[in-house]
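File shown: my_file-v3.cif. Contents: mmCIF, C-alpha atoms.
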```
data_upload
loop_
_atom_site.label_atom_id
_atom_site.label_comp_id
_atom_site.auth_asym_id
_atom_site.auth_seq_id
_atom_site.Cartn_x
_atom_site.Cartn_y
_atom_site.Cartn_z
CA MET A 1 -44.43 53.08 20.26
CA PRO A 2 -47.07 52.17 22.91
CA ILE A 3 -50.08 50.24 21.63
CA VAL A 4 -53.64 51.01 22.77
CA LEU A 5 -56.44 48.53 22.04
CA VAL A 6 -59.89 50.08 21.66
CA ILE A 7 -62.75 47.58 22.09
CA ASP A 8 -65.94 49.32 20.93
CA ASP A 9 -68.64 48.36 18.46
CA ASN A 10 -69.01 51.96 17.25
CA PRO A 11 -66.61 52.57 14.30
CA ALA A 12 -66.86 56.33 14.82
CA VAL A 13 -65.50 56.00 18.37
CA ALA A 14 -62.60 53.85 17.19
CA THR A 15 -61.76 56.27 14.36
CA ALA A 16 -61.87 59.31 16.64
CA LEU A 17 -59.58 57.69 19.17
CA GLU A 18 -57.20 56.44 16.49
CA VAL A 19 -56.85 59.96 15.06
CA LEU A 20 -56.38 61.47 18.53
CA PHE A 21 -53.76 58.94 19.60
CA SER A 22 -51.86 59.01 16.31
CA LEU A 23 -51.17 62.71 16.89
CA HIS A 24 -49.42 61.78 20.14
CA ASP A 25 -47.27 58.84 19.00
CA LEU A 26 -49.66 56.13 20.15
CA GLN A 27 -50.57 53.18 17.95
CA THR A 28 -54.22 52.09 18.03
CA LEU A 29 -55.73 48.66 17.43
CA HIS A 30 -59.49 48.20 17.16
CA ALA A 31 -61.83 45.33 17.99
CA ASP A 32 -65.62 45.68 17.54
CA SER A 33 -66.67 42.96 20.02
CA PRO A 34 -65.53 41.44 23.31
CA GLU A 35 -64.67 38.19 21.55
CA ALA A 36 -62.56 39.97 18.93
CA GLY A 37 -60.84 42.03 21.63
CA LEU A 38 -59.90 39.01 23.73
CA ALA A 39 -58.63 37.17 20.65
CA LEU A 40 -56.54 40.16 19.62
CA LEU A 41 -55.02 40.38 23.11
CA GLU A 42 -53.76 36.83 22.71
CA ARG A 43 -52.03 37.69 19.41
CA GLU A 44 -50.70 41.21 19.86
CA PRO A 45 -48.60 42.97 22.52
CA VAL A 46 -50.87 45.64 23.99
CA ASP A 47 -49.94 48.28 26.56
CA LEU A 48 -53.42 49.59 27.46
CA VAL A 49 -57.07 48.78 26.73
CA ILE A 50 -59.95 51.21 26.35
CA GLN A 51 -63.22 49.28 26.37
CA ASP A 52 -66.88 50.18 25.99
CA MET A 53 -69.51 48.97 28.45
CA ASN A 54 -72.19 47.95 25.91
CA PHE A 55 -71.90 46.18 22.55
CA ARG A 56 -75.35 45.09 21.40
CA ALA A 57 -77.86 47.68 20.29
CA ASP A 58 -80.58 46.15 22.46
CA THR A 59 -78.47 46.20 25.64
CA THR A 60 -77.79 49.16 27.92
CA SER A 61 -77.15 47.38 31.21
CA GLY A 62 -73.36 47.45 31.03
CA ASP A 63 -73.23 43.74 31.85
CA GLU A 64 -71.23 43.02 28.69
CA GLY A 65 -68.60 45.54 29.73
CA VAL A 66 -68.36 44.03 33.19
CA ALA A 67 -67.92 40.53 31.74
CA LEU A 68 -65.29 41.80 29.26
CA PHE A 69 -63.28 43.54 31.96
CA GLU A 70 -63.39 40.47 34.19
CA ALA A 71 -62.15 38.31 31.32
CA ILE A 72 -59.31 40.72 30.49
CA HIS A 73 -58.32 41.13 34.14
CA ALA A 74 -58.28 37.37 34.71
CA ARG A 75 -56.01 36.73 31.72
CA HIS A 76 -53.88 39.89 31.89
CA PRO A 77 -54.00 41.15 35.51
CA ASP A 78 -51.27 43.76 35.00
CA LEU A 79 -52.75 45.28 31.84
CA PRO A 80 -54.33 48.72 32.52
CA VAL A 81 -57.97 48.92 31.37
CA VAL A 82 -59.83 52.22 30.94
CA LEU A 83 -63.62 51.98 30.84
CA LEU A 84 -65.49 54.09 28.30
CA THR A 85 -68.89 54.67 29.83
CA ALA A 86 -72.02 56.75 29.63
CA TRP A 87 -73.07 58.69 32.72
CA THR A 88 -75.81 56.14 33.34
CA HIS A 89 -73.17 53.45 34.00
CA LEU A 90 -70.93 55.38 36.38
CA GLU A 91 -71.89 53.16 39.30
CA SER A 92 -70.81 50.04 37.40
CA ALA A 93 -67.56 51.74 36.38
CA VAL A 94 -66.76 52.71 39.96
CA GLY A 95 -67.36 49.10 41.00
CA LEU A 96 -64.91 47.91 38.35
CA ILE A 97 -62.34 50.44 39.53
CA LYS A 98 -62.47 48.74 42.91
CA ALA A 99 -62.08 45.40 41.13
CA GLY A 100 -58.88 46.54 39.40
CA ALA A 101 -59.78 48.72 36.41
CA ALA A 102 -57.27 51.54 35.94
CA ASP A 103 -59.77 54.36 35.34
CA TYR A 104 -62.99 55.31 33.57
CA VAL A 105 -63.81 58.03 31.06
CA ALA A 106 -67.34 59.32 30.58
CA LYS A 107 -68.76 59.92 27.10
CA PRO A 108 -68.37 62.37 25.53
CA TRP A 109 -64.76 62.49 26.64
CA ASP A 110 -62.45 65.47 26.99
CA ASP A 111 -59.46 64.88 24.67
CA HIS A 112 -56.95 66.55 26.99
CA LYS A 113 -58.05 64.63 30.08
CA LEU A 114 -58.21 61.36 28.17
CA LEU A 115 -54.69 61.84 26.79
CA THR A 116 -53.43 62.75 30.26
CA THR A 117 -55.04 59.65 31.76
CA VAL A 118 -53.65 57.37 29.04
CA GLY A 119 -50.19 58.93 29.28
CA ASN A 120 -50.07 58.57 33.06
CA LEU A 121 -51.25 54.96 32.93
CA LEU A 122 -48.77 54.02 30.20
CA GLU A 123 -45.94 55.57 32.16
CA LEU A 124 -47.00 53.83 35.36
CA SER A 125 -47.37 50.53 33.52
CA ALA A 126 -43.93 50.91 31.96
CA SER A 127 -42.46 51.65 35.40
CA ARG A 128 -44.10 48.56 36.86
CA ARG A 129 -42.83 46.39 34.01
CA GLU A 130 -39.32 47.77 34.44
CA LEU A 131 -39.50 47.18 38.18
CA ALA A 132 -40.70 43.61 37.60
CA ARG A 133 -37.90 43.03 35.08
CA ARG A 134 -35.33 44.46 37.48
CA ARG A 135 -36.59 42.29 40.34
CA GLU A 136 -36.55 39.22 38.11
CA ARG A 137 -33.03 40.06 36.96
CA GLU A 138 -31.86 40.65 40.54
CA LEU A 139 -33.43 37.36 41.64
CA ARG A 140 -31.78 35.55 38.73
CA GLU A 141 -28.41 37.12 39.56
CA ARG A 142 -28.81 36.27 43.24
CA HIS A 143 -29.58 32.63 42.44
CA ALA A 144 -26.56 32.54 40.12
CA LEU A 145 -24.41 34.03 42.89
CA GLU A 146 -25.66 31.51 45.44
CA ARG A 147 -24.45 28.66 43.22
CA HIS A 148 -20.89 29.72 44.12
CA ASP A 149 -19.09 29.04 47.40
CA LEU A 150 -19.72 32.22 49.41
CA CYS A 151 -18.07 30.87 52.57
CA GLY A 152 -21.16 31.45 54.71
CA THR A 153 -21.36 35.17 53.92
CA ILE A 154 -24.49 36.94 55.19
CA TRP A 155 -25.70 39.79 53.01
CA ALA A 156 -28.85 41.53 51.83
CA ASP A 157 -27.66 44.91 50.55
CA PRO A 158 -27.23 45.47 46.77
CA ALA A 159 -23.82 47.06 47.44
CA SER A 160 -22.62 43.81 49.03
CA GLU A 161 -24.11 41.76 46.22
CA ARG A 162 -22.15 43.77 43.65
CA VAL A 163 -18.89 43.08 45.49
CA LEU A 164 -19.69 39.37 45.86
CA SER A 165 -20.63 39.04 42.19
CA LEU A 166 -17.37 40.65 41.12
CA ALA A 167 -15.39 38.52 43.59
CA VAL A 168 -16.64 35.21 42.19
CA GLN A 169 -16.14 36.53 38.66
CA VAL A 170 -12.50 37.57 39.15
CA ALA A 171 -11.78 34.41 41.15
CA ARG A 172 -11.54 32.46 37.90
CA SER A 173 -8.53 34.54 36.83
CA ASP A 174 -5.04 34.05 38.28
CA LEU A 175 -4.40 37.81 38.41
CA PRO A 176 -3.56 39.47 41.75
CA VAL A 177 -6.56 41.03 43.50
CA LEU A 178 -6.49 44.10 45.75
CA ILE A 179 -9.38 44.47 48.21
CA THR A 180 -9.83 47.98 49.55
CA GLY A 181 -12.08 49.11 52.37
CA PRO A 182 -12.11 50.18 56.02
CA ASN A 183 -11.00 48.03 58.95
CA GLY A 184 -13.59 45.53 60.11
CA ALA A 185 -15.62 45.64 56.89
CA GLY A 186 -14.96 42.00 55.96
CA LYS A 187 -12.02 42.13 53.54
CA GLU A 188 -10.67 38.74 54.63
CA LYS A 189 -14.06 37.14 53.97
CA ILE A 190 -13.94 38.50 50.40
CA ALA A 191 -10.43 37.05 50.03
CA GLU A 192 -11.72 33.66 51.19
CA ILE A 193 -14.47 33.82 48.57
CA VAL A 194 -11.95 34.62 45.84
CA HIS A 195 -9.90 31.58 46.91
CA ALA A 196 -12.92 29.27 47.28
CA ASN A 197 -14.00 29.94 43.70
CA SER A 198 -10.56 29.95 42.09
CA ALA A 199 -8.59 27.33 40.19
CA VAL A 200 -6.41 26.82 43.31
CA ARG A 201 -9.30 26.30 45.74
CA ALA A 202 -8.00 22.79 46.54
CA GLY A 203 -4.78 24.36 47.81
CA PRO A 204 -4.18 26.15 51.11
CA PHE A 205 -5.50 29.59 52.04
CA VAL A 206 -2.83 31.36 54.10
CA ALA A 207 -3.36 34.80 55.65
CA LEU A 208 -0.80 37.29 56.98
CA ASN A 209 -1.65 40.62 58.59
CA CYS A 210 1.26 42.85 57.64
CA GLY A 211 0.13 45.41 60.20
CA ALA A 212 0.28 43.03 63.15
CA LEU A 213 4.03 42.29 63.00
CA PRO A 214 7.16 44.36 63.63
CA ALA A 215 8.69 45.59 60.38
CA ASP A 216 11.87 43.53 60.90
CA LEU A 217 9.88 40.27 61.12
CA ILE A 218 7.51 40.67 58.18
CA GLU A 219 10.06 39.52 55.57
CA ALA A 220 10.84 36.42 57.60
CA GLU A 221 7.13 35.69 57.88
CA LEU A 222 6.66 36.10 54.14
CA PHE A 223 9.75 34.37 52.76
CA GLY A 224 11.00 32.24 55.64
CA ALA A 225 14.45 32.24 57.20
CA ASP A 226 17.39 29.92 57.58
CA ALA A 227 18.85 29.22 60.99
CA GLY A 228 20.94 32.17 62.18
CA ALA A 229 19.40 34.63 59.69
CA TYR A 230 18.55 36.96 62.58
CA THR A 231 18.78 37.04 66.35
CA GLY A 232 16.63 34.29 67.78
CA ALA A 233 16.41 32.29 64.53
CA ASN A 234 17.68 29.02 66.02
CA ARG A 235 16.28 26.84 63.24
CA ALA A 236 15.09 27.19 59.65
CA ARG A 237 11.51 28.23 59.25
CA GLU A 238 9.07 28.14 56.35
CA GLY A 239 7.54 31.42 55.18
CA LYS A 240 3.99 32.15 54.14
CA PHE A 241 4.79 31.88 50.44
CA GLU A 242 6.01 28.31 50.86
CA ALA A 243 3.00 27.49 53.07
CA ALA A 244 0.65 28.86 50.41
CA ASP A 245 2.29 27.05 47.47
CA GLY A 246 -0.48 25.75 45.20
CA GLY A 247 -3.08 27.97 46.88
CA THR A 248 -3.77 31.57 47.89
CA LEU A 249 -1.79 33.97 50.07
CA PHE A 250 -3.84 36.78 51.59
CA LEU A 251 -1.77 39.80 52.61
CA ASP A 252 -3.86 42.07 54.81
CA GLU A 253 -2.79 45.69 55.48
CA ILE A 254 -0.33 45.50 52.58
CA GLY A 255 0.41 49.20 53.01
CA ASN A 256 2.44 48.33 56.15
CA LEU A 257 4.94 46.19 54.22
CA PRO A 258 8.47 47.73 54.48
CA LEU A 259 10.16 48.87 51.28
CA GLY A 260 12.65 46.00 51.38
CA GLY A 261 9.82 43.51 51.58
CA GLN A 262 8.01 45.33 48.78
CA VAL A 263 10.98 44.76 46.44
CA LYS A 264 11.03 41.03 47.21
CA LEU A 265 7.25 40.76 46.92
CA LEU A 266 7.34 42.39 43.49
CA ARG A 267 9.92 39.83 42.35
CA VAL A 268 7.82 36.92 43.61
CA LEU A 269 4.75 38.27 41.84
CA GLU A 270 6.69 38.58 38.58
CA THR A 271 8.73 35.36 38.68
CA GLY A 272 7.39 33.15 41.47
CA ARG A 273 10.96 33.01 42.86
CA PHE A 274 12.42 34.12 46.20
CA GLU A 275 15.08 33.29 48.80
CA ARG A 276 14.63 32.77 52.50
CA LEU A 277 16.38 35.29 54.73
CA GLY A 278 19.98 34.21 55.21
CA SER A 279 19.85 31.82 52.25
CA ASN A 280 21.23 31.99 48.72
CA ARG A 281 19.09 29.13 47.45
CA GLU A 282 16.29 30.26 45.19
CA ARG A 283 12.88 28.71 45.71
CA GLN A 284 9.96 28.49 43.28
CA VAL A 285 6.28 28.67 44.24
CA ARG A 286 2.94 28.99 42.48
CA VAL A 287 0.74 31.25 44.63
CA ARG A 288 -2.34 33.36 43.93
CA VAL A 289 -1.82 36.62 45.84
CA VAL A 290 -4.81 38.55 47.22
CA SER A 291 -3.98 41.68 49.18
CA ALA A 292 -6.04 44.15 51.16
CA THR A 293 -5.64 47.60 52.64
CA ASN A 294 -7.55 50.34 54.37
CA ALA A 295 -4.78 52.80 53.49
CA ASP A 296 -4.64 55.29 50.62
CA LEU A 297 -1.91 53.57 48.62
CA PRO A 298 -1.60 56.36 46.00
CA ALA A 299 -0.94 58.79 48.87
CA LEU A 300 1.72 56.44 50.27
CA ILE A 301 3.29 56.29 46.81
CA ALA A 302 3.44 60.09 46.70
CA GLU A 303 5.15 60.05 50.13
CA GLY A 304 7.72 57.48 48.92
CA ARG A 305 6.43 54.81 51.33
CA PHE A 306 4.98 52.41 48.77
CA ARG A 307 6.37 51.34 45.40
CA GLU A 308 4.28 52.43 42.44
CA ASP A 309 5.27 49.38 40.37
CA LEU A 310 4.14 47.06 43.18
CA TYR A 311 0.86 48.93 43.49
CA TYR A 312 0.00 48.37 39.84
CA ARG A 313 1.13 44.75 40.08
CA LEU A 314 -1.13 44.11 43.09
CA ASN A 315 -3.99 46.16 41.70
CA ALA A 316 -4.60 44.11 38.54
CA ILE A 317 -8.18 43.80 39.82
CA GLU A 318 -9.58 45.95 42.64
CA LEU A 319 -12.56 45.01 44.79
CA LYS A 320 -13.91 47.98 46.75
CA LEU A 321 -15.76 46.88 49.89
CA PRO A 322 -17.94 49.72 51.24
CA PRO A 323 -18.19 50.43 54.97
CA LEU A 324 -21.17 48.90 56.76
CA ALA A 325 -22.86 52.33 56.96
CA GLU A 326 -23.12 52.25 53.16
CA ARG A 327 -24.64 48.74 53.25
CA PRO A 328 -27.59 49.38 55.60
CA ASP A 329 -29.61 46.39 54.42
CA ASP A 330 -26.85 44.12 55.74
CA ILE A 331 -27.10 45.38 59.32
CA LEU A 332 -30.09 43.41 60.65
CA PRO A 333 -29.33 40.12 58.84
CA LEU A 334 -25.77 40.25 60.20
CA ALA A 335 -26.97 41.16 63.68
CA ARG A 336 -29.40 38.23 63.74
CA HIS A 337 -26.64 35.94 62.48
CA PHE A 338 -24.38 36.99 65.37
CA LEU A 339 -27.06 36.29 67.98
CA PRO A 340 -26.73 33.06 69.96
CA ALA A 341 -29.60 30.60 69.77
CA GLY A 342 -32.62 31.61 71.82
CA LYS A 343 -31.93 35.35 71.70
CA ARG A 344 -33.88 37.91 69.67
CA LEU A 345 -33.75 41.65 69.07
CA GLN A 346 -36.64 43.83 70.19
CA PRO A 347 -37.93 46.40 67.63
CA GLY A 348 -36.28 49.23 69.57
CA ALA A 349 -32.94 47.42 69.45
CA GLU A 350 -33.27 46.94 65.69
CA ARG A 351 -33.99 50.65 65.24
CA ALA A 352 -30.93 51.49 67.33
CA LEU A 353 -28.77 49.23 65.17
CA LEU A 354 -30.04 50.91 62.00
CA ARG A 355 -29.39 54.41 63.39
CA HIS A 356 -25.79 53.76 64.44
CA ARG A 357 -22.97 54.82 62.09
CA TRP A 358 -20.81 51.68 62.74
CA PRO A 359 -17.36 53.25 62.48
CA GLY A 360 -15.95 49.82 63.40
CA ASN A 361 -18.04 48.16 60.67
CA VAL A 362 -18.99 44.47 60.86
CA ARG A 363 -16.51 43.79 63.65
CA GLU A 364 -18.13 46.46 65.83
CA LEU A 365 -21.61 45.13 65.03
CA ARG A 366 -20.65 41.59 66.01
CA ASN A 367 -19.11 42.74 69.28
CA ALA A 368 -22.12 44.94 70.15
CA VAL A 369 -24.65 42.20 69.48
CA GLN A 370 -22.74 39.46 71.26
CA ARG A 371 -22.10 41.70 74.29
CA ALA A 372 -25.79 42.64 74.45
CA ALA A 373 -26.77 38.96 74.25
CA LEU A 374 -24.44 38.18 77.14
CA LEU A 375 -25.76 41.04 79.30
CA SER A 376 -29.48 40.38 78.60
CA PRO A 377 -30.85 37.82 81.10
CA GLY A 378 -33.93 36.99 79.04
CA GLU A 379 -34.25 36.06 75.41
CA ALA A 380 -35.31 39.57 74.30
CA ILE A 381 -32.55 42.15 73.75
CA GLU A 382 -33.54 45.77 74.36
CA ALA A 383 -31.89 48.83 72.78
CA GLN A 384 -30.10 49.91 75.97
CA ALA A 385 -28.31 46.56 76.18
CA LEU A 386 -26.47 47.39 72.96
CA GLY A 387 -24.68 50.26 74.65
CA LEU A 388 -24.53 52.35 71.49
CA PRO A 389 -23.52 55.98 72.17
CA ALA A 390 -26.12 58.52 71.10
CA ALA A 391 -23.40 60.73 69.66
CA ALA A 392 -22.52 58.06 67.14
CA SER A 393 -26.07 57.67 65.94
CA VAL A 394 -27.37 59.06 62.69
CA PRO A 395 -30.10 61.60 63.42
CA VAL A 396 -33.45 60.37 62.19
CA PRO A 397 -35.10 63.05 60.05
CA ALA A 398 -38.63 64.05 60.95
CA PRO A 399 -41.14 62.45 58.57
CA ALA A 400 -42.52 64.69 55.87
CA ALA A 401 -46.04 65.93 56.50
CA GLU A 402 -48.59 63.63 54.91
CA PRO A 403 -50.84 65.58 52.53
CA ASP A 404 -54.49 65.37 53.49
CA ARG A 405 -57.51 65.10 51.21
CA ALA A 406 -57.96 68.86 50.90
CA GLN A 407 -54.31 69.38 49.93
CA ILE A 408 -54.45 66.63 47.31
CA GLU A 409 -57.69 67.96 45.84
CA ALA A 410 -56.24 71.50 45.74
CA ALA A 411 -53.09 70.27 43.98
CA LEU A 412 -55.13 68.30 41.44
CA ALA A 413 -57.34 71.32 40.75
CA GLY A 414 -54.35 73.62 40.39
CA ALA A 415 -52.69 71.19 37.96
CA GLY A 416 -55.81 70.82 35.84
CA GLY A 417 -55.97 67.11 36.62
CA VAL A 418 -52.40 66.46 35.38
CA LEU A 419 -51.18 63.93 37.93
CA ALA A 420 -47.47 64.38 37.23
CA GLN A 421 -47.70 68.10 38.00
CA ALA A 422 -49.88 67.57 41.09
CA ALA A 423 -47.50 64.91 42.42
CA ALA A 424 -44.52 67.23 41.98
CA GLU A 425 -46.29 70.04 43.83
CA LEU A 426 -47.04 67.67 46.72
CA GLY A 427 -43.49 66.33 46.81
CA LEU A 428 -44.64 62.81 45.88
CA SER A 429 -43.93 60.38 43.09
CA ARG A 430 -46.83 59.75 40.74
CA GLN A 431 -47.17 56.21 42.10
CA ALA A 432 -47.32 57.55 45.67
CA LEU A 433 -50.04 60.01 44.62
CA TYR A 434 -52.00 57.17 42.98
CA ARG A 435 -51.92 55.19 46.22
CA ARG A 436 -53.15 58.12 48.29
CA MET A 437 -55.94 58.90 45.81
CA ASP A 438 -57.06 55.27 45.86
CA ARG A 439 -57.04 55.27 49.65
CA LEU A 440 -59.13 58.46 49.77
CA GLY A 441 -61.48 57.34 46.99
CA LEU A 442 -60.49 60.21 44.67
CA ARG A 443 -61.06 59.87 40.94
CA ARG A 444 -58.03 59.68 38.68
CA GLU A 445 -58.97 62.03 35.86
CA GLY A 446 -55.44 62.40 34.62
#
```
How does this structure look as structure tokens?
Amino acid sequence: MPIVLVIDDNPAVATALEVLFSLHDLQTLHADSPEAGLALLEREPVDLVIQDMNFRADTTSGDEGVALFEAIHARHPDLPVVLLTAWTHLESAVGLIKAGAADYVAKPWDDHKLLTTVGNLLELSASRRELARRRERELRERHALERHDLCGTIWADPASERVLSLAVQVARSDLPVLITGPNGAGKEKIAEIVHANSAVRAGPFVALNCGALPADLIEAELFGADAGAYTGANRAREGKFEAADGGTLFLDEIGNLPLGGQVKLLRVLETGRFERLGSNRERQVRVRVVSATNADLPALIAEGRFREDLYYRLNAIELKLPPLAERPDDILPLARHFLPAGKRLQPGAERALLRHRWPGNVRELRNAVQRAALLSPGEAIEAQALGLPAAASVPVPAPAAEPDRAQIEAALAGAGGVLAQAAAELGLSRQALYRRMDRLGLRREG
């Protein structure tokens, strides 16, 4: 239940507000002097303060209220303070609004408007606290993430951070990991991070692109071959599993592995044993397998092109890496990282980068930036140097019309001063409406 502190030397005012707030699930605390109010704020958690402007019977200047607000604001800058003032002190109240007071209410107050003001301020304050907590949590999580070996990864987007956090978490396990995502999105970098934070990080990291080899050579690459095992095999050769013994084997484009190779891979995953092509001698290895694909493996299973039992064996843990278009906050940091020393992007070039869909993902971004840097004679890179086709750009929506003073006043009048309703009618959040009202010097009555 939100807590409202009323600082007023008039017991009748405190009682009236306590009764009013209790009917609307608000708890009220009362202090009859500035000193008592400040002391209570140090002891109790308070969500909002309503304070009078005068406390001694022989004083009507409002100076006590000003001093009280300044003391509260200095000690609790994020605490909303509503000033309870007579009409004769409106000028002082307006001055305090500019100094950071949340609002003022003239005596005698209108119960409905006061409740609306208090409700709006409590909601806004709760939103700000939640935002601050979320930012603090995100900062804490980011610092925790940066304590791991991220292999020089550049990122800024929350979607990337979620993948990285999960990658360093699953790295501690020895279970197989399947990384899914489009070509060029950075799946091998995620595999490197898994290895760098695993129990076998001191061992080798060996990568094999199953889509870059003819089908009849993939098994030899994986498991090795004795001399004479196939045409051209003039001497025995070590396979990737032997090379990766004690470390990590990264199998990219695993969906391209032939069915025969899939059977042998399943056996290695289950037993750690295999034979080279052309050999009857069984070999034993200890390898952490990380695989990746841009293919729809369940669809390949339905077509009989991929073994279902292997899929579930590889997919003990899945890391889904989104395409670059779904990680827009990564685009500019990556682009700047790819720039050679002494080169910089002009604002127009940065806008062009943000508009592009990046079907080729990070690989396409790197190539575009490095090509533009090469073709730009000076240090500044303009948009046209990027060579991005207009057809591949995301259309930029026209900005929504900014409501003017008359529209805001009309919406407030039509909503009876209820800010939530007025904001909805204007197509704004309540916080956005607050900012516009402050900028235009409009009173927040609700």
Can you list what the PyMOL selection byres ((chain A and resi 320-330) around 8) grabs from this structure, as a JSON list (two decimals) with C-alpha atoms, keeping the file's coordinate frame?
```
[["chain", "number", "residue", "atom", "x", "y", "z"],
["A", 154, "ILE", "CA", -24.49, 36.94, 55.19],
["A", 155, "TRP", "CA", -25.70, 39.79, 53.01],
["A", 156, "ALA", "CA", -28.85, 41.53, 51.83],
["A", 157, "ASP", "CA", -27.66, 44.91, 50.55],
["A", 158, "PRO", "CA", -27.23, 45.47, 46.77],
["A", 159, "ALA", "CA", -23.82, 47.06, 47.44],
["A", 160, "SER", "CA", -22.62, 43.81, 49.03],
["A", 163, "VAL", "CA", -18.89, 43.08, 45.49],
["A", 179, "ILE", "CA", -9.38, 44.47, 48.21],
["A", 180, "THR", "CA", -9.83, 47.98, 49.55],
["A", 181, "GLY", "CA", -12.08, 49.11, 52.37],
["A", 182, "PRO", "CA", -12.11, 50.18, 56.02],
["A", 185, "ALA", "CA", -15.62, 45.64, 56.89],
["A", 186, "GLY", "CA", -14.96, 42.00, 55.96],
["A", 187, "LYS", "CA", -12.02, 42.13, 53.54],
["A", 318, "GLU", "CA", -9.58, 45.95, 42.64],
["A", 319, "LEU", "CA", -12.56, 45.01, 44.79],
["A", 331, "ILE", "CA", -27.10, 45.38, 59.32],
["A", 332, "LEU", "CA", -30.09, 43.41, 60.65],
["A", 333, "PRO", "CA", -29.33, 40.12, 58.84],
["A", 334, "LEU", "CA", -25.77, 40.25, 60.20],
["A", 354, "LEU", "CA", -30.04, 50.91, 62.00],
["A", 357, "ARG", "CA", -22.97, 54.82, 62.09],
["A", 358, "TRP", "CA", -20.81, 51.68, 62.74],
["A", 359, "PRO", "CA", -17.36, 53.25, 62.48],
["A", 361, "ASN", "CA", -18.04, 48.16, 60.67],
["A", 362, "VAL", "CA", -18.99, 44.47, 60.86]]
```
Against stretch 284-290 of chain A, which residues of stretch 105-192 of chain A fall within 8 Å? For each one I want the closest pair of atoms and the distance in Å (one decimal), counting only C-alpha atoms, rows by chain and increasing residue number, as CSV.
```
residue,atom,partner,partner_atom,distance
A:Asp174,CA,A:Arg288,CA,6.3
A:Leu175,CA,A:Arg288,CA,7.4
A:Pro176,CA,A:Val289,CA,5.3
A:Val177,CA,A:Val290,CA,4.8
A:Leu178,CA,A:Val290,CA,6.0
A:Ile179,CA,A:Val290,CA,7.5
A:Ala191,CA,A:Val290,CA,6.5
```
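The residues caught by the PyMOL selection byres ((chain A and resi 386) around 8) in this file are Ala349, Ala368, Val369, Arg371, Ala372, Glu382, Ala383, Gln384, Ala385, Gly387 and Leu388 of chain A.
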task: Return as an MDAnalysis selection string the set of residues that the PyMOL selection byres ((chain A and resi 238) around 6) yields on the displayed structure.
output: chainID A and resid 224 237 239
In Å and to one decimal, atom CA of A:Asp309 is distant from atom CA of A:Leu251 by 17.1 Å
Taken to one decimal, the atom CA of A:Ala415-atom CA of A:Asp52 distance is 28.0 Å
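Restricting the calculation to only C-alpha atoms, the smallest distance between A:Leu150 and any of A:Ser198, A:Phe223, A:Lys107, A:Pro34 is found for A:Ser198.
Put simply, atom CA of A:Leu314 is 8.4 Å away from atom CA of A:Leu269.
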field: Spatial neighbours of A:Val105, max dist 8 Å, only C-alpha atoms, sep filter under 5 positions, as a VMD selection string
entry: chain A and resid 82 to 85 114 445
Counting only C-alpha atoms, closest pick from A:Ala423, A:Ala227, A:Leu23, A:Leu300 relative to A:Asn120 is A:Ala423
*Near A:Gly342, counting all atoms listed in the file, which residues have an atom at most 10 Å away, once you skip same-chain residues fewer than 5 positions from it, shown as a VMD selection string?*
chain A and resid 373 378 to 380
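Nearest to A:Lys113 of all the residues A:Gln27, A:Gly416, A:Asn197, A:Asn234 is A:Gly416, based on only C-alpha atoms.
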Please provide as a PyMOL selection string all residues within 12 Å of A:Ala74, with the sequence filter that same-chain residues fewer than 5 positions apart are discarded (counting only C-alpha atoms). chain A and resi 38+67-69+79+99-101
Taking 2 positions as the minimum chain separation for residues in the same chain, which residues sit within 12 Å of A:Ala36 when counting all atoms listed in the file? Answer as an mmCIF file with C-alpha atoms, in the frame of the given file.
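And here is the file that came out, out39.cif:
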```cif
data_model
loop_
_atom_site.group_PDB
_atom_site.id
_atom_site.type_symbol
_atom_site.label_atom_id
_atom_site.label_comp_id
_atom_site.auth_asym_id
_atom_site.auth_seq_id
_atom_site.Cartn_x
_atom_site.Cartn_y
_atom_site.Cartn_z
ATOM 1 C CA LEU A 5 -56.440 48.530 22.040
ATOM 2 C CA VAL A 6 -59.890 50.080 21.660
ATOM 3 C CA ILE A 7 -62.750 47.580 22.090
ATOM 4 C CA ASP A 8 -65.940 49.320 20.930
ATOM 5 C CA ASP A 9 -68.640 48.360 18.460
ATOM 6 C CA LEU A 29 -55.730 48.660 17.430
ATOM 7 C CA HIS A 30 -59.490 48.200 17.160
ATOM 8 C CA ALA A 31 -61.830 45.330 17.990
ATOM 9 C CA ASP A 32 -65.620 45.680 17.540
ATOM 10 C CA SER A 33 -66.670 42.960 20.020
ATOM 11 C CA PRO A 34 -65.530 41.440 23.310
ATOM 12 C CA LEU A 38 -59.900 39.010 23.730
ATOM 13 C CA ALA A 39 -58.630 37.170 20.650
ATOM 14 C CA LEU A 40 -56.540 40.160 19.620
ATOM 15 C CA LEU A 41 -55.020 40.380 23.110
ATOM 16 C CA GLU A 42 -53.760 36.830 22.710
ATOM 17 C CA ARG A 43 -52.030 37.690 19.410
ATOM 18 C CA GLU A 44 -50.700 41.210 19.860
ATOM 19 C CA GLN A 51 -63.220 49.280 26.370
ATOM 20 C CA PHE A 55 -71.900 46.180 22.550
ATOM 21 C CA LEU A 68 -65.290 41.800 29.260
#
```
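Closest to A:Leu20 among A:Leu115, A:Glu270, A:His143, A:Gly360 is A:Leu115, based on only C-alpha atoms.
Of the residues under consideration (A:Gly247, A:Arg56, A:Ser291, A:Leu310), A:Gly247 shows the shortest atom-to-atom contact distance to A:Arg201 when counting all atoms listed in the file.
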